[in-house]
Structure formats: structure tokens, C-alpha cells
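K.L.:
Data: start_13.txt, compact mmCIF, N, CA and C atoms.
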# COMPACT_ATOMS: atom_id res chain seq x y z
N MET D 1 -83.57 -11.41 -20.20
CA MET D 1 -83.56 -11.97 -21.55
C MET D 1 -82.79 -11.02 -22.47
N LEU D 2 -81.88 -11.55 -23.25
CA LEU D 2 -81.08 -10.72 -24.14
C LEU D 2 -81.85 -10.31 -25.39
N ALA D 3 -82.72 -11.15 -25.86
CA ALA D 3 -83.49 -10.88 -27.08
C ALA D 3 -84.64 -11.88 -27.13
N ASP D 4 -85.54 -11.69 -28.08
CA ASP D 4 -86.62 -12.65 -28.24
C ASP D 4 -86.11 -13.99 -28.75
N VAL D 5 -85.04 -13.96 -29.52
CA VAL D 5 -84.42 -15.18 -30.03
C VAL D 5 -82.95 -15.12 -29.61
N VAL D 6 -82.44 -16.22 -29.10
CA VAL D 6 -81.04 -16.25 -28.68
C VAL D 6 -80.32 -17.39 -29.37
N TRP D 7 -79.02 -17.26 -29.47
CA TRP D 7 -78.18 -18.28 -30.05
C TRP D 7 -76.83 -18.19 -29.35
N PRO D 8 -76.02 -19.24 -29.42
CA PRO D 8 -74.79 -19.29 -28.62
C PRO D 8 -73.87 -18.07 -28.76
N SER D 9 -73.65 -17.58 -29.97
CA SER D 9 -72.70 -16.48 -30.12
C SER D 9 -73.20 -15.18 -29.49
N LEU D 10 -74.50 -15.06 -29.28
CA LEU D 10 -75.02 -13.88 -28.59
C LEU D 10 -74.57 -13.90 -27.14
N PHE D 11 -74.64 -15.05 -26.49
CA PHE D 11 -74.13 -15.19 -25.13
C PHE D 11 -72.62 -15.03 -25.10
N LEU D 12 -71.95 -15.62 -26.09
CA LEU D 12 -70.49 -15.55 -26.14
C LEU D 12 -70.03 -14.10 -26.30
N ALA D 13 -70.68 -13.34 -27.17
CA ALA D 13 -70.29 -11.94 -27.37
C ALA D 13 -70.41 -11.14 -26.08
N ARG D 14 -71.46 -11.40 -25.34
CA ARG D 14 -71.65 -10.68 -24.09
C ARG D 14 -70.48 -10.94 -23.13
N ARG D 15 -70.03 -12.18 -23.06
CA ARG D 15 -68.90 -12.50 -22.18
C ARG D 15 -67.58 -12.00 -22.74
N LEU D 16 -67.43 -12.03 -24.07
CA LEU D 16 -66.18 -11.54 -24.66
C LEU D 16 -65.95 -10.07 -24.35
N PHE D 17 -67.03 -9.34 -24.15
CA PHE D 17 -66.91 -7.91 -23.90
C PHE D 17 -67.01 -7.57 -22.42
N SER D 18 -66.74 -8.56 -21.57
CA SER D 18 -66.67 -8.29 -20.13
C SER D 18 -65.26 -7.80 -19.82
N TRP D 19 -65.11 -6.98 -18.81
CA TRP D 19 -63.82 -6.39 -18.49
C TRP D 19 -62.78 -7.44 -18.12
N THR D 20 -63.20 -8.51 -17.47
CA THR D 20 -62.25 -9.56 -17.09
C THR D 20 -61.64 -10.21 -18.33
N ILE D 21 -62.48 -10.56 -19.29
CA ILE D 21 -62.00 -11.20 -20.52
C ILE D 21 -61.19 -10.21 -21.35
N ILE D 22 -61.65 -8.98 -21.44
CA ILE D 22 -60.90 -7.96 -22.20
C ILE D 22 -59.51 -7.77 -21.60
N GLY D 23 -59.44 -7.63 -20.28
CA GLY D 23 -58.14 -7.43 -19.63
C GLY D 23 -57.21 -8.60 -19.86
N ALA D 24 -57.72 -9.81 -19.66
CA ALA D 24 -56.89 -11.00 -19.87
C ALA D 24 -56.45 -11.09 -21.34
N GLY D 25 -57.37 -10.80 -22.25
CA GLY D 25 -57.04 -10.85 -23.68
C GLY D 25 -55.96 -9.86 -24.06
N LEU D 26 -56.01 -8.67 -23.49
CA LEU D 26 -54.99 -7.66 -23.78
C LEU D 26 -53.61 -8.12 -23.31
N VAL D 27 -53.55 -8.70 -22.13
CA VAL D 27 -52.27 -9.19 -21.60
C VAL D 27 -51.74 -10.34 -22.46
N ILE D 28 -52.61 -11.27 -22.79
CA ILE D 28 -52.21 -12.41 -23.62
C ILE D 28 -51.71 -11.94 -24.98
N GLU D 29 -52.50 -11.08 -25.63
CA GLU D 29 -52.12 -10.63 -26.97
C GLU D 29 -50.90 -9.72 -26.95
N LEU D 30 -50.72 -8.94 -25.89
CA LEU D 30 -49.50 -8.13 -25.77
C LEU D 30 -48.28 -9.04 -25.80
N GLY D 31 -48.33 -10.12 -25.05
CA GLY D 31 -47.20 -11.07 -25.06
C GLY D 31 -46.93 -11.62 -26.44
N PHE D 32 -47.99 -12.01 -27.15
CA PHE D 32 -47.83 -12.54 -28.50
C PHE D 32 -47.28 -11.47 -29.45
N ILE D 33 -47.80 -10.24 -29.34
CA ILE D 33 -47.35 -9.16 -30.23
C ILE D 33 -45.89 -8.82 -29.95
N LEU D 34 -45.50 -8.75 -28.69
CA LEU D 34 -44.09 -8.50 -28.35
C LEU D 34 -43.19 -9.57 -28.98
N TRP D 35 -43.57 -10.82 -28.82
CA TRP D 35 -42.78 -11.94 -29.32
C TRP D 35 -42.75 -11.99 -30.84
N LEU D 36 -43.91 -11.81 -31.46
CA LEU D 36 -44.01 -12.01 -32.91
C LEU D 36 -43.50 -10.83 -33.73
N THR D 37 -43.64 -9.61 -33.22
CA THR D 37 -43.23 -8.44 -34.00
C THR D 37 -41.89 -7.88 -33.57
N ARG D 38 -41.42 -8.28 -32.39
CA ARG D 38 -40.18 -7.76 -31.83
C ARG D 38 -40.23 -6.24 -31.63
N ALA D 39 -41.44 -5.71 -31.48
CA ALA D 39 -41.63 -4.28 -31.24
C ALA D 39 -41.24 -3.94 -29.81
N THR D 40 -41.01 -2.65 -29.56
CA THR D 40 -40.77 -2.21 -28.19
C THR D 40 -42.04 -2.41 -27.38
N LEU D 41 -41.93 -2.38 -26.07
CA LEU D 41 -43.09 -2.56 -25.22
C LEU D 41 -44.14 -1.47 -25.49
N ALA D 42 -43.69 -0.23 -25.66
CA ALA D 42 -44.62 0.87 -25.92
C ALA D 42 -45.34 0.66 -27.25
N ARG D 43 -44.61 0.31 -28.28
CA ARG D 43 -45.23 0.11 -29.60
C ARG D 43 -46.14 -1.13 -29.59
N ALA D 44 -45.68 -2.19 -28.97
CA ALA D 44 -46.50 -3.41 -28.88
C ALA D 44 -47.78 -3.11 -28.10
N GLY D 45 -47.67 -2.32 -27.05
CA GLY D 45 -48.85 -1.94 -26.27
C GLY D 45 -49.83 -1.13 -27.11
N LEU D 46 -49.31 -0.18 -27.88
CA LEU D 46 -50.17 0.62 -28.76
C LEU D 46 -50.82 -0.26 -29.83
N MET D 47 -50.04 -1.17 -30.39
CA MET D 47 -50.58 -2.09 -31.40
C MET D 47 -51.69 -2.94 -30.81
N THR D 48 -51.46 -3.48 -29.61
CA THR D 48 -52.44 -4.34 -28.96
C THR D 48 -53.72 -3.58 -28.65
N LEU D 49 -53.58 -2.40 -28.07
CA LEU D 49 -54.76 -1.59 -27.75
C LEU D 49 -55.54 -1.20 -29.00
N THR D 50 -54.82 -0.79 -30.04
CA THR D 50 -55.48 -0.35 -31.28
C THR D 50 -56.20 -1.50 -31.96
N MET D 51 -55.50 -2.63 -32.14
CA MET D 51 -56.14 -3.74 -32.85
C MET D 51 -57.33 -4.27 -32.07
N ASN D 52 -57.28 -4.23 -30.75
CA ASN D 52 -58.40 -4.70 -29.95
C ASN D 52 -59.55 -3.69 -29.93
N ALA D 53 -59.24 -2.41 -30.02
CA ALA D 53 -60.31 -1.40 -30.11
C ALA D 53 -61.08 -1.57 -31.41
N VAL D 54 -60.36 -1.78 -32.51
CA VAL D 54 -61.00 -2.00 -33.80
C VAL D 54 -61.78 -3.31 -33.77
N SER D 55 -61.18 -4.35 -33.22
CA SER D 55 -61.83 -5.65 -33.13
C SER D 55 -63.10 -5.58 -32.28
N THR D 56 -63.05 -4.82 -31.21
CA THR D 56 -64.24 -4.67 -30.37
C THR D 56 -65.35 -3.94 -31.11
N ALA D 57 -64.99 -2.86 -31.79
CA ALA D 57 -65.99 -2.08 -32.53
C ALA D 57 -66.69 -2.94 -33.59
N VAL D 58 -65.91 -3.70 -34.34
CA VAL D 58 -66.49 -4.54 -35.38
C VAL D 58 -67.14 -5.78 -34.77
N GLY D 59 -66.51 -6.32 -33.72
CA GLY D 59 -66.99 -7.55 -33.10
C GLY D 59 -68.31 -7.42 -32.37
N LEU D 60 -68.65 -6.21 -31.94
CA LEU D 60 -69.94 -6.02 -31.27
C LEU D 60 -71.10 -6.49 -32.13
N VAL D 61 -70.97 -6.27 -33.42
CA VAL D 61 -71.98 -6.73 -34.37
C VAL D 61 -71.52 -8.02 -35.05
N GLY D 62 -70.24 -8.10 -35.35
CA GLY D 62 -69.72 -9.22 -36.14
C GLY D 62 -69.82 -10.57 -35.47
N VAL D 63 -69.51 -10.65 -34.18
CA VAL D 63 -69.56 -11.96 -33.49
C VAL D 63 -70.99 -12.50 -33.44
N PRO D 64 -71.97 -11.71 -32.96
CA PRO D 64 -73.33 -12.24 -32.98
C PRO D 64 -73.83 -12.53 -34.40
N LEU D 65 -73.46 -11.67 -35.35
CA LEU D 65 -73.90 -11.87 -36.74
C LEU D 65 -73.31 -13.15 -37.32
N SER D 66 -72.03 -13.42 -37.06
CA SER D 66 -71.43 -14.66 -37.57
C SER D 66 -72.15 -15.87 -37.00
N GLY D 67 -72.54 -15.77 -35.73
CA GLY D 67 -73.26 -16.88 -35.10
C GLY D 67 -74.65 -17.08 -35.66
N VAL D 68 -75.35 -15.98 -35.94
CA VAL D 68 -76.70 -16.13 -36.49
C VAL D 68 -76.63 -16.67 -37.92
N ILE D 69 -75.61 -16.27 -38.67
CA ILE D 69 -75.43 -16.83 -40.02
C ILE D 69 -75.18 -18.33 -39.93
N TRP D 70 -74.33 -18.74 -38.97
CA TRP D 70 -74.11 -20.17 -38.75
C TRP D 70 -75.42 -20.85 -38.42
N GLU D 71 -76.21 -20.28 -37.53
CA GLU D 71 -77.47 -20.90 -37.11
C GLU D 71 -78.43 -21.03 -38.29
N LEU D 72 -78.45 -20.05 -39.18
CA LEU D 72 -79.31 -20.15 -40.36
C LEU D 72 -78.86 -21.31 -41.26
N ILE D 73 -77.56 -21.43 -41.44
CA ILE D 73 -77.03 -22.53 -42.25
C ILE D 73 -77.28 -23.86 -41.56
N ALA D 74 -76.99 -23.92 -40.25
CA ALA D 74 -77.15 -25.17 -39.50
C ALA D 74 -78.60 -25.61 -39.43
N SER D 75 -79.52 -24.65 -39.31
CA SER D 75 -80.94 -25.02 -39.20
C SER D 75 -81.48 -25.60 -40.50
N ALA D 76 -80.80 -25.34 -41.60
CA ALA D 76 -81.22 -25.90 -42.88
C ALA D 76 -80.45 -27.17 -43.23
N THR D 77 -79.43 -27.49 -42.44
CA THR D 77 -78.59 -28.65 -42.79
C THR D 77 -78.45 -29.62 -41.62
N ILE D 78 -77.57 -29.34 -40.70
CA ILE D 78 -77.17 -30.30 -39.68
C ILE D 78 -78.17 -30.44 -38.53
N LEU D 79 -78.81 -29.37 -38.11
CA LEU D 79 -79.70 -29.45 -36.94
C LEU D 79 -80.88 -30.39 -37.16
N PRO D 80 -81.59 -30.31 -38.30
CA PRO D 80 -82.70 -31.25 -38.51
C PRO D 80 -82.22 -32.70 -38.64
N LEU D 81 -81.06 -32.87 -39.21
CA LEU D 81 -80.51 -34.20 -39.41
C LEU D 81 -80.33 -34.94 -38.08
N PHE D 82 -79.87 -34.22 -37.07
CA PHE D 82 -79.62 -34.83 -35.76
C PHE D 82 -80.70 -34.48 -34.73
N HIS D 83 -81.73 -33.77 -35.18
CA HIS D 83 -82.81 -33.35 -34.28
C HIS D 83 -82.29 -32.53 -33.10
N TRP D 84 -81.39 -31.59 -33.43
CA TRP D 84 -80.79 -30.73 -32.41
C TRP D 84 -81.47 -29.39 -32.40
N GLY D 85 -81.40 -28.74 -31.27
CA GLY D 85 -81.83 -27.36 -31.15
C GLY D 85 -80.63 -26.44 -31.35
N THR D 86 -80.84 -25.18 -31.11
CA THR D 86 -79.80 -24.17 -31.31
C THR D 86 -78.60 -24.37 -30.40
N PHE D 87 -78.85 -24.70 -29.13
CA PHE D 87 -77.76 -24.81 -28.15
C PHE D 87 -77.28 -26.26 -28.08
N ASN D 88 -76.33 -26.57 -28.95
CA ASN D 88 -75.73 -27.90 -28.98
C ASN D 88 -74.22 -27.75 -29.04
N PRO D 89 -73.47 -28.79 -28.75
CA PRO D 89 -72.01 -28.66 -28.72
C PRO D 89 -71.40 -28.18 -30.04
N VAL D 90 -71.95 -28.59 -31.17
CA VAL D 90 -71.41 -28.16 -32.46
C VAL D 90 -71.60 -26.66 -32.64
N SER D 91 -72.78 -26.15 -32.33
CA SER D 91 -73.03 -24.71 -32.46
C SER D 91 -72.14 -23.90 -31.53
N TRP D 92 -71.94 -24.39 -30.31
CA TRP D 92 -71.03 -23.70 -29.39
C TRP D 92 -69.61 -23.69 -29.96
N GLY D 93 -69.16 -24.84 -30.46
CA GLY D 93 -67.81 -24.92 -31.03
C GLY D 93 -67.63 -24.03 -32.24
N VAL D 94 -68.62 -24.04 -33.13
CA VAL D 94 -68.55 -23.19 -34.32
C VAL D 94 -68.58 -21.72 -33.91
N SER D 95 -69.42 -21.37 -32.95
CA SER D 95 -69.50 -19.98 -32.49
C SER D 95 -68.16 -19.50 -31.94
N CYS D 96 -67.51 -20.35 -31.15
CA CYS D 96 -66.19 -19.99 -30.60
C CYS D 96 -65.14 -19.86 -31.70
N THR D 97 -65.15 -20.80 -32.62
CA THR D 97 -64.19 -20.76 -33.73
C THR D 97 -64.40 -19.52 -34.60
N LEU D 98 -65.65 -19.23 -34.94
CA LEU D 98 -65.93 -18.04 -35.75
C LEU D 98 -65.54 -16.76 -35.03
N ALA D 99 -65.79 -16.68 -33.74
CA ALA D 99 -65.41 -15.49 -32.97
C ALA D 99 -63.89 -15.31 -32.99
N ALA D 100 -63.15 -16.39 -32.78
CA ALA D 100 -61.69 -16.30 -32.79
C ALA D 100 -61.16 -15.95 -34.18
N LEU D 101 -61.72 -16.55 -35.22
CA LEU D 101 -61.29 -16.23 -36.59
C LEU D 101 -61.62 -14.78 -36.97
N LEU D 102 -62.82 -14.34 -36.62
CA LEU D 102 -63.21 -12.97 -36.93
C LEU D 102 -62.30 -11.97 -36.21
N ASN D 103 -62.08 -12.19 -34.91
CA ASN D 103 -61.20 -11.29 -34.17
C ASN D 103 -59.79 -11.28 -34.75
N THR D 104 -59.29 -12.45 -35.11
CA THR D 104 -57.94 -12.54 -35.67
C THR D 104 -57.86 -11.80 -37.00
N ALA D 105 -58.83 -11.99 -37.87
CA ALA D 105 -58.81 -11.32 -39.18
C ALA D 105 -58.87 -9.80 -39.01
N ILE D 106 -59.70 -9.34 -38.09
CA ILE D 106 -59.81 -7.89 -37.86
C ILE D 106 -58.51 -7.36 -37.28
N GLU D 107 -57.95 -8.06 -36.31
CA GLU D 107 -56.71 -7.61 -35.69
C GLU D 107 -55.55 -7.62 -36.68
N MET D 108 -55.47 -8.66 -37.49
CA MET D 108 -54.42 -8.71 -38.51
C MET D 108 -54.55 -7.57 -39.51
N THR D 109 -55.78 -7.30 -39.92
CA THR D 109 -56.03 -6.20 -40.86
C THR D 109 -55.65 -4.87 -40.22
N SER D 110 -55.97 -4.70 -38.96
CA SER D 110 -55.58 -3.47 -38.24
C SER D 110 -54.07 -3.32 -38.19
N LEU D 111 -53.39 -4.40 -37.85
CA LEU D 111 -51.93 -4.35 -37.80
C LEU D 111 -51.35 -4.00 -39.16
N ARG D 112 -51.92 -4.58 -40.20
CA ARG D 112 -51.42 -4.35 -41.56
C ARG D 112 -51.66 -2.91 -42.01
N LEU D 113 -52.88 -2.42 -41.84
CA LEU D 113 -53.24 -1.11 -42.35
C LEU D 113 -52.70 0.04 -41.50
N ILE D 114 -52.72 -0.11 -40.20
CA ILE D 114 -52.34 0.99 -39.31
C ILE D 114 -50.84 0.97 -39.00
N PHE D 115 -50.29 -0.22 -38.75
CA PHE D 115 -48.91 -0.32 -38.30
C PHE D 115 -47.97 -0.89 -39.37
N LYS D 116 -48.51 -1.20 -40.54
CA LYS D 116 -47.72 -1.71 -41.66
C LYS D 116 -46.97 -3.01 -41.33
N VAL D 117 -47.59 -3.83 -40.47
CA VAL D 117 -47.03 -5.14 -40.13
C VAL D 117 -47.43 -6.12 -41.23
N ALA D 118 -46.46 -6.84 -41.75
CA ALA D 118 -46.74 -7.79 -42.83
C ALA D 118 -47.69 -8.89 -42.36
N TRP D 119 -48.63 -9.24 -43.20
CA TRP D 119 -49.58 -10.33 -42.92
C TRP D 119 -48.88 -11.63 -43.27
N THR D 120 -48.52 -12.40 -42.27
CA THR D 120 -47.88 -13.70 -42.51
C THR D 120 -48.73 -14.80 -41.88
N ARG D 121 -48.57 -15.99 -42.41
CA ARG D 121 -49.29 -17.12 -41.83
C ARG D 121 -48.88 -17.34 -40.38
N ARG D 122 -47.62 -17.19 -40.11
CA ARG D 122 -47.10 -17.39 -38.75
C ARG D 122 -47.79 -16.42 -37.78
N LEU D 123 -47.82 -15.15 -38.12
CA LEU D 123 -48.46 -14.16 -37.26
C LEU D 123 -49.95 -14.44 -37.13
N PHE D 124 -50.60 -14.77 -38.24
CA PHE D 124 -52.03 -15.04 -38.21
C PHE D 124 -52.36 -16.19 -37.26
N TRP D 125 -51.67 -17.31 -37.40
CA TRP D 125 -52.01 -18.49 -36.60
C TRP D 125 -51.65 -18.34 -35.13
N TRP D 126 -50.55 -17.64 -34.82
CA TRP D 126 -50.24 -17.39 -33.42
C TRP D 126 -51.24 -16.41 -32.81
N LEU D 127 -51.63 -15.41 -33.58
CA LEU D 127 -52.65 -14.48 -33.09
C LEU D 127 -54.00 -15.19 -32.96
N PHE D 128 -54.28 -16.11 -33.85
CA PHE D 128 -55.49 -16.93 -33.74
C PHE D 128 -55.45 -17.73 -32.43
N LEU D 129 -54.30 -18.31 -32.11
CA LEU D 129 -54.17 -19.04 -30.85
C LEU D 129 -54.46 -18.13 -29.66
N ALA D 130 -53.93 -16.92 -29.69
CA ALA D 130 -54.20 -15.97 -28.61
C ALA D 130 -55.70 -15.70 -28.50
N ASN D 131 -56.36 -15.56 -29.63
CA ASN D 131 -57.81 -15.33 -29.62
C ASN D 131 -58.58 -16.57 -29.18
N VAL D 132 -58.11 -17.76 -29.53
CA VAL D 132 -58.74 -18.99 -29.07
C VAL D 132 -58.68 -19.06 -27.54
N ILE D 133 -57.56 -18.67 -26.98
CA ILE D 133 -57.42 -18.66 -25.52
C ILE D 133 -58.43 -17.70 -24.90
N THR D 134 -58.52 -16.50 -25.45
CA THR D 134 -59.45 -15.51 -24.93
C THR D 134 -60.90 -15.95 -25.08
N VAL D 135 -61.25 -16.45 -26.26
CA VAL D 135 -62.62 -16.94 -26.49
C VAL D 135 -62.89 -18.14 -25.59
N GLY D 136 -61.89 -18.99 -25.42
CA GLY D 136 -62.03 -20.13 -24.52
C GLY D 136 -62.31 -19.70 -23.10
N MET D 137 -61.67 -18.63 -22.65
CA MET D 137 -61.93 -18.11 -21.31
C MET D 137 -63.37 -17.62 -21.20
N ALA D 138 -63.86 -16.96 -22.24
CA ALA D 138 -65.26 -16.51 -22.24
C ALA D 138 -66.20 -17.70 -22.20
N MET D 139 -65.88 -18.75 -22.95
CA MET D 139 -66.72 -19.95 -22.97
C MET D 139 -66.73 -20.63 -21.60
N VAL D 140 -65.57 -20.73 -20.98
CA VAL D 140 -65.50 -21.33 -19.65
C VAL D 140 -66.32 -20.51 -18.66
N SER D 141 -66.28 -19.19 -18.79
CA SER D 141 -67.08 -18.35 -17.89
C SER D 141 -68.58 -18.60 -18.07
N ILE D 142 -68.99 -18.91 -19.29
CA ILE D 142 -70.40 -19.25 -19.54
C ILE D 142 -70.74 -20.58 -18.87
N LEU D 143 -69.83 -21.55 -18.97
CA LEU D 143 -70.06 -22.85 -18.35
C LEU D 143 -70.09 -22.75 -16.83
N MET D 144 -69.24 -21.89 -16.29
CA MET D 144 -69.16 -21.74 -14.83
C MET D 144 -70.33 -20.91 -14.27
N ARG D 145 -70.71 -19.89 -15.01
CA ARG D 145 -71.81 -19.03 -14.59
C ARG D 145 -72.75 -18.82 -15.78
N PRO D 146 -73.65 -19.76 -16.01
CA PRO D 146 -74.57 -19.63 -17.15
C PRO D 146 -75.38 -18.34 -17.07
N PRO D 147 -75.68 -17.76 -18.23
CA PRO D 147 -76.48 -16.54 -18.24
C PRO D 147 -77.86 -16.77 -17.63
N GLN D 148 -78.35 -15.78 -16.95
CA GLN D 148 -79.69 -15.83 -16.37
C GLN D 148 -80.67 -15.21 -17.36
N THR D 149 -81.78 -15.85 -17.60
CA THR D 149 -82.77 -15.31 -18.52
C THR D 149 -83.93 -14.70 -17.77
Would you mind writing the file's structure down as C-alpha cells?

P.N.:
Amino acid sequence: MLADVVWPSLFLARRLFSWTIIGAGLVIELGFILWLTRATLARAGLMTLTMNAVSTAVGLVGVPLSGVIWELIASATILPLFHWGTFNPVSWGVSCTLAALLNTAIEMTSLRLIFKVAWTRRLFWWLFLANVITVGMAMVSILMRPPQT
């Protein structure tokens, strides 16, 4: 059991921080960073590692926290309306979207502050796509191998 109370983003965070997902995410994001910034391979690699290190540090708390905030809002609004529990398709979708948005915002901020890369909509949305792919891989891993309690 992960905790006395669980919610989708808690399971998602655990999978996002697995070595398989981290490795795949680094490769995917390196490709996007190379393409979008036109940096050298060494610089793009440093940018990718740095932004993901910062994202991981913040995301350890941020991803589960964003999910619990969603659950608090949903439990007062949508869940009673449809008589749903915590683990429903909408909560899973929102948890994945919030995780991808949070990671993208952190990574963009890291790129801006550390590497002086301009924050553009183009870079943000392509980096968001890279994060959606990574979060999607974590979600698929949950569907394929559900957590044991």
C-alpha cells in the first residue's frame, strides 16, 4: 500500500519516476530539444538532463499534489454528480494532463532561467507533447501492470 489514501496521480508519479520511463523520456526530450533549440548534441544533452533533474525534484511532490488538489475539487463537484469514486477515467485523464503540464512548465522555466532559452509557445507545446508521450507511457505501464496493494 502506498498510503492510507490513494488517488490516480500517486500511482502515476510512482511510474513516472521508474528508470524505464525516465530513460525513454530523456531520449524523447533530447530529440525535441535538439530540433527545437538547434543546440549542439552536448548542449542539448546538458539541457535535457538539467531540466529533467529540476522537473524530477519538483515533480516528486508536485505531481501527487496536483492530483490531490484535483481530487479535492472533483469530490466537491463532478464526482458526486456522476456518483464516481476517485479512480475514474476523468480523474486519470486529468492526472495525466496535469503531470504533463507541470513537467512542461518546470522544464520550460529551467531552460529559460539556466540556459536563457526564450519561452515561446512553439517550444512549450512541442515540449508538452514530449511530456504527454512520456506520461502516456507511464499510464500504459499502469494499465499493463496495475499496482499491487

K.L.:
Pick out the residues sitting within 9 Å of range 31-48 of chain D, and hand them over as a PyMOL selection string; count only C-alpha atoms, and ignore anything fewer than 3 positions along from it in its own chain.

P.N.:
chain D and resi 26-28+51-53+107+110-111+114-115+117+122-123+126-127+130

K.L.:
Just asking: which residues within range 65-109 of chain D are helix (DSSP H, G or I) according to DSSP, as a PyMOL selection string?

P.N.:
chain D and resi 65-76+78-82+89-109

K.L.:
Expressed in Å to a single decimal, how great is the separation between atom C of Ala57 in chain D and atom N of Pro147 in chain D?

P.N.:
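So the answer is 23.2 Å.
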
K.L.:
Once you add 5 Å to each side, what are the centre and edge lengths of the axis-aligned box holding all listed atoms of range 58-64 of chain D? One decimal in Å, as lines of an AutoDock Vina configuration file, if you can.

P.N.:
center_x = -69.9
center_y = -8.1
center_z = -33.7
size_x = 17.9
size_y = 18.8
size_z = 14.9

K.L.:
Separation of CA of Gly136 in chain D and CA of Asn88 in chain D, in Å?

P.N.:
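That distance, rounded to one decimal, is 16.4 Å.
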
K.L.:
Which one is closest to Met139 in chain D: D:Leu49, D:Phe11, D:Ser55, D:Val6? Count all atoms listed in the file.

P.N.:
D:Phe11

K.L.:
Using only C-alpha atoms, which of the listed residues (D:Pro64, D:Met144, D:Ala118, D:Ser75) sits closest to Cys96 in chain D?

P.N.:
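Comparing D:Pro64, D:Met144, D:Ala118, D:Ser75 against Cys96 in chain D, the winner is D:Pro64.
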
K.L.:
Which distance in Å separates atom C of Leu30 in chain D and CA of Leu143 in chain D, to one decimal?

P.N.:
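Here the two named atoms are 26.8 Å from each other.
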
K.L.:
Give the answer as one residue: which of D:Leu16, D:Leu98, D:Ile22, D:Ile73 has the shortest atom-to-atom distance to Thr86 in chain D, using only C-alpha atoms?

P.N.:
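The answer is D:Ile73, which sits nearest to Thr86 in chain D.
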
K.L.:
Any chance you could turn range 32-50 of chain D into a file with C-alpha atoms, as a PDB file, in the first residue's frame?

P.N.:
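As a result, decode-v3.pdb now contains:
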ATOM      1  CA  PHE D  32      12.782  17.574 -29.211  1.00  0.00           C
ATOM      2  CA  ILE D  33      15.417  19.850 -27.624  1.00  0.00           C
ATOM      3  CA  LEU D  34      17.886  19.201 -30.458  1.00  0.00           C
ATOM      4  CA  TRP D  35      15.218  20.002 -33.043  1.00  0.00           C
ATOM      5  CA  LEU D  36      13.637  22.982 -31.297  1.00  0.00           C
ATOM      6  CA  THR D  37      16.733  24.775 -29.999  1.00  0.00           C
ATOM      7  CA  ARG D  38      19.227  23.796 -32.708  1.00  0.00           C
ATOM      8  CA  ALA D  39      21.771  23.305 -29.901  1.00  0.00           C
ATOM      9  CA  THR D  40      24.765  21.016 -30.260  1.00  0.00           C
ATOM     10  CA  LEU D  41      24.303  17.450 -29.062  1.00  0.00           C
ATOM     11  CA  ALA D  42      26.410  18.141 -25.950  1.00  0.00           C
ATOM     12  CA  ARG D  43      24.469  21.293 -25.049  1.00  0.00           C
ATOM     13  CA  ALA D  44      21.099  19.703 -25.824  1.00  0.00           C
ATOM     14  CA  GLY D  45      22.092  16.742 -23.652  1.00  0.00           C
ATOM     15  CA  LEU D  46      23.047  19.044 -20.782  1.00  0.00           C
ATOM     16  CA  MET D  47      19.808  20.995 -21.203  1.00  0.00           C
ATOM     17  CA  THR D  48      17.750  17.788 -21.222  1.00  0.00           C
ATOM     18  CA  LEU D  49      19.469  16.338 -18.154  1.00  0.00           C
ATOM     19  CA  THR D  50      19.251  19.612 -16.224  1.00  0.00           C
TER      20      THR D  50
END
